[in-house]
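Okay, so here's the structure we're looking at.
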Amino acid sequence: MTNQAFGQDLVVDSLHKTYPGAEHPVFAGYSLRLPGGVLCAVVGVSGIGKTTLLNCIAALDTWDSGAITVGGEQTPKDNPLQGALYRRRKVGMAFQSPHLLPEFTVLENMEMPLRIDDALGEAESNWCKQLLELVGIGDLMNRLPSQISGGQAARVGLARALVRRPAVWLLDEPTGNLDPETAGEVFQLLLTLHKELCPTTLLVTHNPTLSDGCEMVERLK
Amino acid sequence: MKRAFENFIAQRYLKTRRKGAFVRTMLRFARWGVAVGVFTLIVSQALMAGWREGIQNLLFNATAHFSIHPYDPENWDTERAMEIVQAIPGVRAANPFRMEMALSRSARAGQVAEPLMLKAIDPKTARATSSLFNNIKPIEIEALQHGEAVVGRDFARQQGLRVGDDLQAILSRVDLGLSGMTPKTKVFTVAGIFYSRNSLYDRGWAFVHLDDAKAWAQSDQADGIEITLTDISQVKTKQLEIKNALENAFTQPFLSMDQIERNRELFAGLDMLKWIFLAVLSLIVIVNASSITAVLVLLVSEKRRDIGALLALGASPKQIQRIFQAHGLRMAITGTLAGLAAALPLCAVLDYFQIIQTPAALVDFLPYFPFKLRIMDILIAAIFPVIVAFFASRNPAKRASENNPIETLRAE
């Protein structure tokens with residue numbers, strides 16, 4: 001595996017989006033330009049559109065007009081299949097809840113993005129194990145999600161999003177469900193992973209301590 | 001096409017022991033439903049096939065596989081025809097015969113006359129055409145003499161006939177005498193009694209010497225030749241081959257008929273019964289396999305969170321659809337395999353050890369319930385539930401693929 005896809009430029013250009021039936025648009029000509037490999041916190045009050053921005057960048061959500069490009073490649077819109085293929089190439093996502101699949105072990109959960117691609121080989125499996133070692137839970141790889149703590153599950157969620165070496169790493173309040181101490185540990189881990197692997201990272205957070213630790217802060221209004 | 005990911009997920013969903021009692025019960029119900037449906041289908045089809053084969057064997061063993069007759073029996077040479085028939089490969093035995101319907105009764109007891117089919121045969125060649133001749137007491141069929149008859153067990157009992165008694169037969173022929181036309185009558189000595197397990201023969205047939213029949217018919221020829229083959233499955237092709245050979249030799253048309261044609265109504269009835277069973281039991285399989293839909297709807301609802309996560313990780317909607325489709329198919333396949341695993345050995349054991357005996361009234365006909373497994377019946381029973389499951393799982397699987405990951409992930 002190569003690191004060539006890591007940390008590509010992210011450009012959001014004049015994004016317009018209004019939810020059906022809503023009076024006000026979520027985005028009215030919103031633009032954002034992030035150089036490859038930067039760690040950017042996205043902050044703002046609840047309902048301002050932080051998660052929507054991440055979903056649009058991940059091609060999970062659609063928008064009315066404007067364009068999003070990652071490494072020069074346009075993010076597909078309104079095309080579930082193209083969206084899925086684009087996510088495989090470009091995007092790694094982690095959520096407030098780690099969304100680990102309960103029937104599968106920690107390692108199998110880590111390998112899931114590669115299985116989706118039918119691209120799991122020995123080298124890839126070793127890479128998953130390395131990532132688990134990196135987030136400090138290499139010894140728990142054969143456990144089921146129900147057998148690990150919330151903090152450990154959050155680490156798996158973060159690491160899983162990096163398995164395919166994505167161009168953009170989209171983190172939607174990954175520490176939101178954790179106690180302050182564990183949240184701090186996870187954030188430190190996040191910084192370590194970012195430093196090691198350098199994906200272009202968008203971190204949605206309400207925690208000013210976390211946003212202060214990022215290289216850039218994007219405040220949505 | 002590689003479907004490793006979809007199969008990996010579907011297999012784990014199927015194997016995992018769930019905490020939710022309702023989904024678990026439904027899952028078991030669906031699999032057992034398919035298994036029971038397949039089991040019933042196999043057993044009933046094996047039983048139907050067994051009965052059909054039993055009846056067929058009874059008919060084919062009691063008489064030759066088929067017979068062939070010239071349209072004009074006075075205008076052919078039986079001996080030459082026998083040579084032609086016996087020279088054809090695959091013919092195991094051939095025997096010339098004449099048939100005559102007669103009203104018959106015991107001369108000694110003064111019984112009421114009953115219709116009796118007098119089959120005149122050549123005792124030298126008859127044995128190889130029918131297993132019936134193996135069950136004659138006390139003589140062997142080769143010992144049958146002019147003026148003698150071998151009657152069926154049921155007819156003998158009905159008429160109080162014993163070996164050595166006289167049998168009076170009024171033939172369906174007339175003699176022109178001084179007092180005008182009178183029915184031709186013959187008296188035979190009962191030389192033996194046969195038992196074929198088929199009441200049609202045991203009550204209604206008697207065997208006499210071919211020369212006797214030639215004499216009363218004032219003919220040197222037989223009516224036809226009955227033929228037994230080495231391979232019964234070749235009846236149709238050999239029938240045609242022999243018919244063509246004789247037609248070429250004697251320049252007249254020949255009529256050929258096998259036992260299945262002679263008993264067309266019986267076999268048509270058996271075949272229809274088999275299809276009715278198949279249709280009714282297929283409905284059961286459809287109902288049971290359709291419960292897979294209910295299970296998948298529940299499972300999709302339970303797995304919304306996983307579906308959202310997989311979509312976010314890059315799974316395509318088609319892949320999600322295939323996961324649940326594969327899950328439905330796996331349920332059907334495991335259920336089908338369980339049904340086959342129970343039904344196949346059971347049928348084999350029941351048939352081999354003849355475990356289920358028939359009621360007393362049927363013992364002579366078929367002594368036990370036969371279970372004959374046929375590849376085609378097994379294939380139908382194995383493939384049908386899987387096809388039903390494929391269609392049953394399409395809709396819930398499609399619904400799963402239409403899950404909106406944003407809503408699912410937000411709900412958390």
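Chain identifiers are assigned as A, B, and so on, following the order in which chains appear in the structure tokens; residues are numbered from 1 within each chain, and ligands are numbered from 1 in order of appearance.
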- Message: Could you go through range 241-390 of chain B and tell me which residues DSSP, when run on the backbone, assigns to strand (DSSP E), listing them as a list in words?
- Response: Phe254, Leu255, Ser256, Met257 and Asp258 of chain B
- Task: Can you check which residues of range 29-77 of chain A DSSP gives as alpha helix (DSSP H) on the backbone and send them as a list in words?
- Result: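 The alpha helix (DSSP H) residues within range 29-77 of chain A come out as Lys50, Thr51, Thr52, Leu53, Leu54, Asn55, Cys56 and Ile57 of chain A.
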Selected residues written out with N, CA, C and O atoms, as a compact mmCIF listing (two decimals), in the first residue's frame:
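Output below, filename selection-v5.txt:
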# COMPACT_ATOMS: atom_id res chain seq x y z
N LYS A 50 -22.81 21.66 10.55
CA LYS A 50 -21.47 21.05 10.62
C LYS A 50 -21.50 19.61 10.06
O LYS A 50 -20.71 19.25 9.19
N THR A 51 -22.44 18.83 10.59
CA THR A 51 -22.55 17.44 10.13
C THR A 51 -22.97 17.39 8.67
O THR A 51 -22.48 16.55 7.89
N THR A 52 -23.86 18.33 8.28
CA THR A 52 -24.30 18.36 6.87
C THR A 52 -23.11 18.61 5.95
O THR A 52 -23.00 17.99 4.88
N LEU A 53 -22.20 19.50 6.38
CA LEU A 53 -21.01 19.78 5.58
C LEU A 53 -20.19 18.50 5.39
O LEU A 53 -19.78 18.15 4.27
N LEU A 54 -20.00 17.76 6.51
CA LEU A 54 -19.24 16.51 6.40
C LEU A 54 -19.94 15.49 5.49
O LEU A 54 -19.30 14.83 4.67
N ASN A 55 -21.27 15.42 5.65
CA ASN A 55 -22.03 14.47 4.82
C ASN A 55 -21.95 14.83 3.34
O ASN A 55 -21.90 13.95 2.49
N CYS A 56 -21.96 16.13 3.05
CA CYS A 56 -21.85 16.55 1.65
C CYS A 56 -20.46 16.20 1.11
O CYS A 56 -20.33 15.68 -0.01
N ILE A 57 -19.43 16.46 1.90
CA ILE A 57 -18.07 16.14 1.44
C ILE A 57 -17.92 14.63 1.22
O ILE A 57 -17.23 14.19 0.32
Which chain B residues have any atom within 12 Å of an atom of chain A, and for each, what is the nearest pair of atoms with distance in Å to one decimal, counting only C-alpha atoms, rows sorted by chain and number, as a Markdown table?
| residue | atom | partner | partner_atom | distance |
| --- | --- | --- | --- | --- |
| B:Met1 | CA | A:Asp118 | CA | 11.1 |
| B:Lys2 | CA | A:Asp118 | CA | 7.8 |
| B:Arg3 | CA | A:Asp118 | CA | 8.1 |
| B:Ala4 | CA | A:Asp118 | CA | 6.7 |
| B:Phe5 | CA | A:Arg115 | CA | 5.4 |
| B:Glu6 | CA | A:Ile116 | CA | 8.1 |
| B:Asn7 | CA | A:Arg115 | CA | 10.7 |
| B:Phe8 | CA | A:Arg115 | CA | 8.8 |
| B:Ile9 | CA | A:Phe104 | CA | 8.9 |
| B:Ala10 | CA | A:Glu103 | CA | 10.7 |
| B:Gln11 | CA | A:Glu103 | CA | 10.5 |
| B:Arg12 | CA | A:Glu103 | CA | 6.8 |
| B:Tyr13 | CA | A:Glu103 | CA | 7.2 |
| B:Leu14 | CA | A:Glu103 | CA | 10.2 |
| B:Lys15 | CA | A:Glu103 | CA | 9.3 |
| B:Thr16 | CA | A:Glu103 | CA | 6.7 |
| B:Arg17 | CA | A:Glu103 | CA | 9.3 |
| B:Arg18 | CA | A:Glu103 | CA | 9.4 |
| B:Lys19 | CA | A:Glu103 | CA | 11.6 |
| B:Glu302 | CA | A:Pro102 | CA | 11.7 |
| B:Lys303 | CA | A:Leu101 | CA | 9.3 |
| B:Arg304 | CA | A:His99 | CA | 11.0 |
| B:Arg305 | CA | A:His99 | CA | 7.3 |
| B:Asp306 | CA | A:Leu101 | CA | 6.0 |
| B:Ile307 | CA | A:Leu101 | CA | 9.4 |
| B:Gly308 | CA | A:His99 | CA | 8.7 |
| B:Ala309 | CA | A:His99 | CA | 6.1 |
| B:Leu310 | CA | A:Pro113 | CA | 8.1 |
| B:Leu311 | CA | A:Ala84 | CA | 7.1 |
| B:Ala312 | CA | A:Met93 | CA | 7.0 |
| B:Leu313 | CA | A:Pro113 | CA | 5.8 |
| B:Gly314 | CA | A:Ala84 | CA | 4.6 |
| B:Ala315 | CA | A:Ile116 | CA | 5.8 |
| B:Ser316 | CA | A:Ala84 | CA | 5.2 |
| B:Pro317 | CA | A:Leu81 | CA | 7.0 |
| B:Lys318 | CA | A:Leu81 | CA | 8.1 |
| B:Gln319 | CA | A:Ile116 | CA | 8.3 |
| B:Ile320 | CA | A:Ile116 | CA | 10.2 |
| B:Ile323 | CA | A:Ile116 | CA | 11.2 |
| B:Ser401 | CA | A:Pro80 | CA | 10.1 |
| B:Glu402 | CA | A:Pro80 | CA | 9.7 |
| B:Asn403 | CA | A:Pro80 | CA | 11.1 |
| B:Asn404 | CA | A:Leu60 | CA | 8.6 |
| B:Pro405 | CA | A:Leu60 | CA | 7.2 |
| B:Ile406 | CA | A:Leu60 | CA | 6.8 |
| B:Glu407 | CA | A:Asp61 | CA | 10.3 |
| B:Thr408 | CA | A:His99 | CA | 10.5 |
| B:Leu409 | CA | A:Phe95 | CA | 8.1 |
| B:Arg410 | CA | A:Thr51 | CA | 9.2 |
| B:Ala411 | CA | A:Ser97 | CA | 10.3 |
| B:Glu412 | CA | A:Ser97 | CA | 6.8 |
- Have a look at B:Gly180, B:Gly33, B:Pro359, B:Pro370 and name the one nearest to Arg52 in chain B; count only C-alpha atoms.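 Residue with the minimum atom-to-atom distance to Arg52 in chain B: B:Pro370.
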- Excluding Phe207 in chain B and residues on its chain fewer than 3 positions from it, collect all residues at most 7 Å away from it, counting only C-alpha atoms, and give them as number ranges by chain. B: 118-121, 149-151
Given only C-alpha atoms, how would the per-residue table for range 39-113 of chain B near range 281-286 of chain B read, listing every residue at most 12 Å away with its closest atom pair and distance in Å to one decimal, sorted by chain and number, as a Markdown table?
| residue | atom | partner | partner_atom | distance |
| --- | --- | --- | --- | --- |
| B:Phe39 | CA | B:Val285 | CA | 9.8 |
| B:Thr40 | CA | B:Leu281 | CA | 7.2 |
| B:Leu41 | CA | B:Leu281 | CA | 5.9 |
| B:Ile42 | CA | B:Leu281 | CA | 9.7 |
| B:Val43 | CA | B:Leu281 | CA | 10.7 |
| B:Ser44 | CA | B:Leu281 | CA | 8.7 |
| B:Gln45 | CA | B:Leu281 | CA | 9.8 |
With a distance cut-off of 10 Å and only C-alpha atoms, select the neighbouring residues of Met82 in chain B, excluding the residue or stretch itself and same-chain residues fewer than 2 positions from it, and output the selection as a PDB file with all heavy atoms, in the first residue's frame.
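What ended up in part37.pdb:
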ATOM      1  N   ASP B  77     -46.418 -65.108 -41.160  1.00  0.00           N
ATOM      2  CA  ASP B  77     -45.803 -66.372 -40.770  1.00  0.00           C
ATOM      3  C   ASP B  77     -45.211 -66.171 -39.369  1.00  0.00           C
ATOM      4  O   ASP B  77     -44.207 -65.477 -39.197  1.00  0.00           O
ATOM      5  CB  ASP B  77     -44.708 -66.717 -41.784  1.00  0.00           C
ATOM      6  CG  ASP B  77     -44.023 -68.042 -41.461  1.00  0.00           C
ATOM      7  OD1 ASP B  77     -44.217 -68.532 -40.332  1.00  0.00           O
ATOM      8  OD2 ASP B  77     -43.313 -68.564 -42.325  1.00  0.00           O
ATOM      9  N   THR B  78     -45.850 -66.806 -38.393  1.00  0.00           N
ATOM     10  CA  THR B  78     -45.441 -66.601 -37.000  1.00  0.00           C
ATOM     11  C   THR B  78     -43.991 -67.019 -36.766  1.00  0.00           C
ATOM     12  O   THR B  78     -43.232 -66.324 -36.099  1.00  0.00           O
ATOM     13  CB  THR B  78     -46.361 -67.385 -36.043  1.00  0.00           C
ATOM     14  OG1 THR B  78     -47.714 -67.114 -36.381  1.00  0.00           O
ATOM     15  CG2 THR B  78     -46.117 -66.986 -34.613  1.00  0.00           C
ATOM     16  N   GLU B  79     -43.630 -68.135 -37.349  1.00  0.00           N
ATOM     17  CA  GLU B  79     -42.265 -68.643 -37.108  1.00  0.00           C
ATOM     18  C   GLU B  79     -41.219 -67.691 -37.665  1.00  0.00           C
ATOM     19  O   GLU B  79     -40.214 -67.387 -37.017  1.00  0.00           O
ATOM     20  CB  GLU B  79     -42.109 -70.039 -37.723  1.00  0.00           C
ATOM     21  CG  GLU B  79     -42.681 -71.124 -36.846  1.00  0.00           C
ATOM     22  CD  GLU B  79     -42.421 -72.512 -37.407  1.00  0.00           C
ATOM     23  OE1 GLU B  79     -41.454 -72.666 -38.173  1.00  0.00           O
ATOM     24  OE2 GLU B  79     -43.197 -73.426 -37.091  1.00  0.00           O
ATOM     25  N   ARG B  80     -41.497 -67.181 -38.866  1.00  0.00           N
ATOM     26  CA  ARG B  80     -40.550 -66.246 -39.469  1.00  0.00           C
ATOM     27  C   ARG B  80     -40.499 -64.932 -38.665  1.00  0.00           C
ATOM     28  O   ARG B  80     -39.436 -64.357 -38.444  1.00  0.00           O
ATOM     29  CB  ARG B  80     -40.959 -65.967 -40.925  1.00  0.00           C
ATOM     30  CG  ARG B  80     -39.837 -65.319 -41.701  1.00  0.00           C
ATOM     31  CD  ARG B  80     -40.181 -65.189 -43.169  1.00  0.00           C
ATOM     32  NE  ARG B  80     -39.610 -63.958 -43.671  1.00  0.00           N
ATOM     33  CZ  ARG B  80     -40.188 -63.094 -44.460  1.00  0.00           C
ATOM     34  NH1 ARG B  80     -41.423 -63.321 -44.871  1.00  0.00           N
ATOM     35  NH2 ARG B  80     -39.583 -62.010 -44.864  1.00  0.00           N
ATOM     36  N   ILE B  84     -37.316 -63.062 -36.854  1.00  0.00           N
ATOM     37  CA  ILE B  84     -36.961 -61.637 -37.041  1.00  0.00           C
ATOM     38  C   ILE B  84     -36.863 -60.935 -35.695  1.00  0.00           C
ATOM     39  O   ILE B  84     -35.903 -60.214 -35.410  1.00  0.00           O
ATOM     40  CB  ILE B  84     -38.016 -60.945 -37.942  1.00  0.00           C
ATOM     41  CG1 ILE B  84     -37.939 -61.496 -39.363  1.00  0.00           C
ATOM     42  CG2 ILE B  84     -37.820 -59.428 -37.933  1.00  0.00           C
ATOM     43  CD1 ILE B  84     -39.093 -61.083 -40.258  1.00  0.00           C
ATOM     44  N   VAL B  85     -37.855 -61.167 -34.841  1.00  0.00           N
ATOM     45  CA  VAL B  85     -37.892 -60.497 -33.528  1.00  0.00           C
ATOM     46  C   VAL B  85     -36.701 -60.918 -32.679  1.00  0.00           C
ATOM     47  O   VAL B  85     -36.023 -60.081 -32.068  1.00  0.00           O
ATOM     48  CB  VAL B  85     -39.230 -60.805 -32.801  1.00  0.00           C
ATOM     49  CG1 VAL B  85     -39.173 -60.335 -31.356  1.00  0.00           C
ATOM     50  CG2 VAL B  85     -40.401 -60.153 -33.526  1.00  0.00           C
ATOM     51  N   GLN B  86     -36.443 -62.210 -32.644  1.00  0.00           N
ATOM     52  CA  GLN B  86     -35.365 -62.703 -31.771  1.00  0.00           C
ATOM     53  C   GLN B  86     -33.983 -62.269 -32.248  1.00  0.00           C
ATOM     54  O   GLN B  86     -33.032 -62.253 -31.470  1.00  0.00           O
ATOM     55  CB  GLN B  86     -35.437 -64.232 -31.667  1.00  0.00           C
ATOM     56  CG  GLN B  86     -36.545 -64.662 -30.699  1.00  0.00           C
ATOM     57  CD  GLN B  86     -36.869 -66.146 -30.787  1.00  0.00           C
ATOM     58  OE1 GLN B  86     -36.688 -66.768 -31.850  1.00  0.00           O
ATOM     59  NE2 GLN B  86     -37.364 -66.697 -29.698  1.00  0.00           N
ATOM     60  N   ALA B  87     -33.900 -61.888 -33.537  1.00  0.00           N
ATOM     61  CA  ALA B  87     -32.596 -61.453 -34.068  1.00  0.00           C
ATOM     62  C   ALA B  87     -32.294 -59.997 -33.703  1.00  0.00           C
ATOM     63  O   ALA B  87     -31.164 -59.541 -33.868  1.00  0.00           O
ATOM     64  CB  ALA B  87     -32.586 -61.618 -35.588  1.00  0.00           C
ATOM     65  N   ALA B  93     -36.700 -62.141 -24.739  1.00  0.00           N
ATOM     66  CA  ALA B  93     -37.549 -63.299 -25.003  1.00  0.00           C
ATOM     67  C   ALA B  93     -38.737 -62.893 -25.853  1.00  0.00           C
ATOM     68  O   ALA B  93     -39.178 -61.743 -25.807  1.00  0.00           O
ATOM     69  CB  ALA B  93     -38.038 -63.900 -23.690  1.00  0.00           C
ATOM     70  N   ALA B  94     -39.236 -63.828 -26.625  1.00  0.00           N
ATOM     71  CA  ALA B  94     -40.434 -63.575 -27.428  1.00  0.00           C
ATOM     72  C   ALA B  94     -41.277 -64.841 -27.431  1.00  0.00           C
ATOM     73  O   ALA B  94     -40.744 -65.961 -27.367  1.00  0.00           O
ATOM     74  CB  ALA B  94     -40.038 -63.201 -28.857  1.00  0.00           C
ATOM     75  N   ASN B  95     -42.572 -64.638 -27.439  1.00  0.00           N
ATOM     76  CA  ASN B  95     -43.465 -65.793 -27.357  1.00  0.00           C
ATOM     77  C   ASN B  95     -44.720 -65.530 -28.187  1.00  0.00           C
ATOM     78  O   ASN B  95     -45.392 -64.515 -27.993  1.00  0.00           O
ATOM     79  CB  ASN B  95     -43.844 -66.014 -25.881  1.00  0.00           C
ATOM     80  CG  ASN B  95     -44.698 -67.245 -25.697  1.00  0.00           C
ATOM     81  OD1 ASN B  95     -44.437 -68.293 -26.307  1.00  0.00           O
ATOM     82  ND2 ASN B  95     -45.742 -67.144 -24.892  1.00  0.00           N
ATOM     83  N   PRO B  96     -45.057 -66.448 -29.131  1.00  0.00           N
ATOM     84  CA  PRO B  96     -46.285 -66.255 -29.891  1.00  0.00           C
ATOM     85  C   PRO B  96     -47.503 -66.575 -29.027  1.00  0.00           C
ATOM     86  O   PRO B  96     -47.421 -67.422 -28.134  1.00  0.00           O
ATOM     87  CB  PRO B  96     -46.129 -67.263 -31.033  1.00  0.00           C
ATOM     88  CG  PRO B  96     -45.237 -68.307 -30.502  1.00  0.00           C
ATOM     89  CD  PRO B  96     -44.338 -67.669 -29.504  1.00  0.00           C
ATOM     90  N   GLY B 224     -50.335 -62.861 -32.346  1.00  0.00           N
ATOM     91  CA  GLY B 224     -49.291 -61.863 -32.146  1.00  0.00           C
ATOM     92  C   GLY B 224     -48.116 -62.454 -31.407  1.00  0.00           C
ATOM     93  O   GLY B 224     -48.100 -63.647 -31.085  1.00  0.00           O
ATOM     94  N   ILE B 225     -47.150 -61.591 -31.126  1.00  0.00           N
ATOM     95  CA  ILE B 225     -45.962 -62.029 -30.379  1.00  0.00           C
ATOM     96  C   ILE B 225     -45.783 -61.079 -29.208  1.00  0.00           C
ATOM     97  O   ILE B 225     -45.866 -59.847 -29.378  1.00  0.00           O
ATOM     98  CB  ILE B 225     -44.707 -61.987 -31.280  1.00  0.00           C
ATOM     99  CG1 ILE B 225     -44.856 -62.970 -32.436  1.00  0.00           C
ATOM    100  CG2 ILE B 225     -43.443 -62.292 -30.476  1.00  0.00           C
ATOM    101  CD1 ILE B 225     -43.739 -62.886 -33.461  1.00  0.00           C
ATOM    102  N   GLU B 226     -45.569 -61.642 -28.044  1.00  0.00           N
ATOM    103  CA  GLU B 226     -45.258 -60.761 -26.907  1.00  0.00           C
ATOM    104  C   GLU B 226     -43.754 -60.817 -26.647  1.00  0.00           C
ATOM    105  O   GLU B 226     -43.129 -61.874 -26.802  1.00  0.00           O
ATOM    106  CB  GLU B 226     -46.078 -61.111 -25.669  1.00  0.00           C
ATOM    107  CG  GLU B 226     -46.032 -62.541 -25.225  1.00  0.00           C
ATOM    108  CD  GLU B 226     -46.928 -62.804 -24.037  1.00  0.00           C
ATOM    109  OE1 GLU B 226     -47.685 -61.899 -23.669  1.00  0.00           O
ATOM    110  OE2 GLU B 226     -46.849 -63.906 -23.485  1.00  0.00           O
ATOM    111  N   ILE B 227     -43.231 -59.657 -26.271  1.00  0.00           N
ATOM    112  CA  ILE B 227     -41.772 -59.502 -26.250  1.00  0.00           C
ATOM    113  C   ILE B 227     -41.313 -58.913 -24.929  1.00  0.00           C
ATOM    114  O   ILE B 227     -41.917 -57.962 -24.406  1.00  0.00           O
ATOM    115  CB  ILE B 227     -41.333 -58.583 -27.420  1.00  0.00           C
ATOM    116  CG1 ILE B 227     -41.696 -59.248 -28.756  1.00  0.00           C
ATOM    117  CG2 ILE B 227     -39.844 -58.250 -27.355  1.00  0.00           C
ATOM    118  CD1 ILE B 227     -41.916 -58.287 -29.883  1.00  0.00           C
ATOM    119  N   LEU B 246     -40.962 -55.890 -38.880  1.00  0.00           N
ATOM    120  CA  LEU B 246     -42.033 -56.808 -39.270  1.00  0.00           C
ATOM    121  C   LEU B 246     -42.851 -56.247 -40.432  1.00  0.00           C
ATOM    122  O   LEU B 246     -43.265 -56.992 -41.330  1.00  0.00           O
ATOM    123  CB  LEU B 246     -42.942 -57.102 -38.066  1.00  0.00           C
ATOM    124  CG  LEU B 246     -42.289 -57.917 -36.930  1.00  0.00           C
ATOM    125  CD1 LEU B 246     -43.237 -58.071 -35.756  1.00  0.00           C
ATOM    126  CD2 LEU B 246     -41.877 -59.309 -37.440  1.00  0.00           C
TER     127      LEU B 246
END
- Note on the structure: The distance between CA of Thr25 in chain B and CA of Val280 in chain B is 26.0 Å
- Query: Which of these residues is nearest to His69 in chain B, using only C-alpha atoms: B:Arg24, B:His146, B:Arg108, B:Lys243?
  - Reply: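 Of B:Arg24, B:His146, B:Arg108, B:Lys243, the one nearest His69 in chain B is B:Lys243, counting only C-alpha atoms.
With distances restricted to only C-alpha atoms, A:Arg155 is the closest residue to Leu193 in chain A from A:Arg143, A:His16, A:Lys77, A:Arg155.
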- Query: Quick one: residues within 10 Å of Leu131 in chain A, only C-alpha atoms counted, chain neighbours fewer than 6 positions away excluded, as a VMD selection string?
  - Reply: chain A and resid 110 125 137 to 138 155 to 156 158 to 160 162 to 163 193
- Message: Residues within 12 Å of range 185-191 of chain A, please, as a PyMOL selection string. Count only C-alpha atoms; anything in the same chain fewer than 6 positions from it doesn't count.
- Response: chain A and resi 38-41+94+131-137+150-159+161-162+169-171+173-179+197-199+201-203+205+207+209-215
Using only C-alpha atoms, what table do you get, as a Markdown table, when you list each residue of range 153-252 of chain B with an atom no more than 9 Å from range 365-368 of chain B, its nearest pair of atoms, and their distance in Å rounded to one decimal, rows by chain then rising number?
| residue | atom | partner | partner_atom | distance |
| --- | --- | --- | --- | --- |
| B:Arg197 | CA | B:Phe365 | CA | 5.5 |
| B:Asn198 | CA | B:Phe365 | CA | 6.3 |
| B:Ser199 | CA | B:Phe365 | CA | 8.3 |
Please, could you write that set of residues out with all heavy atoms as an mmCIF file, in the first residue's frame?
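Saved file selection.cif follows:
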data_model
loop_
_atom_site.group_PDB
_atom_site.id
_atom_site.type_symbol
_atom_site.label_atom_id
_atom_site.label_comp_id
_atom_site.auth_asym_id
_atom_site.auth_seq_id
_atom_site.Cartn_x
_atom_site.Cartn_y
_atom_site.Cartn_z
ATOM 1 N N ARG B 197 -50.296 -62.076 -7.914
ATOM 2 C CA ARG B 197 -50.513 -60.940 -7.009
ATOM 3 C C ARG B 197 -51.312 -59.835 -7.690
ATOM 4 O O ARG B 197 -51.479 -58.763 -7.142
ATOM 5 C CB ARG B 197 -49.188 -60.357 -6.477
ATOM 6 C CG ARG B 197 -48.468 -61.306 -5.529
ATOM 7 C CD ARG B 197 -47.383 -60.579 -4.785
ATOM 8 N NE ARG B 197 -46.300 -60.199 -5.646
ATOM 9 C CZ ARG B 197 -45.700 -59.021 -5.624
ATOM 10 N NH1 ARG B 197 -46.076 -58.106 -4.769
ATOM 11 N NH2 ARG B 197 -44.713 -58.741 -6.449
ATOM 12 N N ASN B 198 -51.746 -60.067 -8.899
ATOM 13 C CA ASN B 198 -52.547 -59.083 -9.605
ATOM 14 C C ASN B 198 -53.906 -59.708 -9.867
ATOM 15 O O ASN B 198 -54.019 -60.657 -10.648
ATOM 16 C CB ASN B 198 -51.850 -58.690 -10.907
ATOM 17 C CG ASN B 198 -52.597 -57.615 -11.654
ATOM 18 O OD1 ASN B 198 -53.786 -57.398 -11.436
ATOM 19 N ND2 ASN B 198 -51.891 -56.929 -12.536
ATOM 20 N N SER B 199 -54.942 -59.190 -9.239
ATOM 21 C CA SER B 199 -56.254 -59.850 -9.311
ATOM 22 C C SER B 199 -56.805 -59.869 -10.734
ATOM 23 O O SER B 199 -57.610 -60.715 -11.078
ATOM 24 C CB SER B 199 -57.243 -59.178 -8.368
ATOM 25 O OG SER B 199 -57.437 -57.848 -8.781
#
- Task: Just the residues within 12 Å of Ala64 in chain B, please, counting only C-alpha atoms, with nothing from its chain fewer than 2 positions along; format it as a ChimeraX atom specification.
- Result: /B:56-62,66-68,91-97,125-133,225-230,232,235,257-260
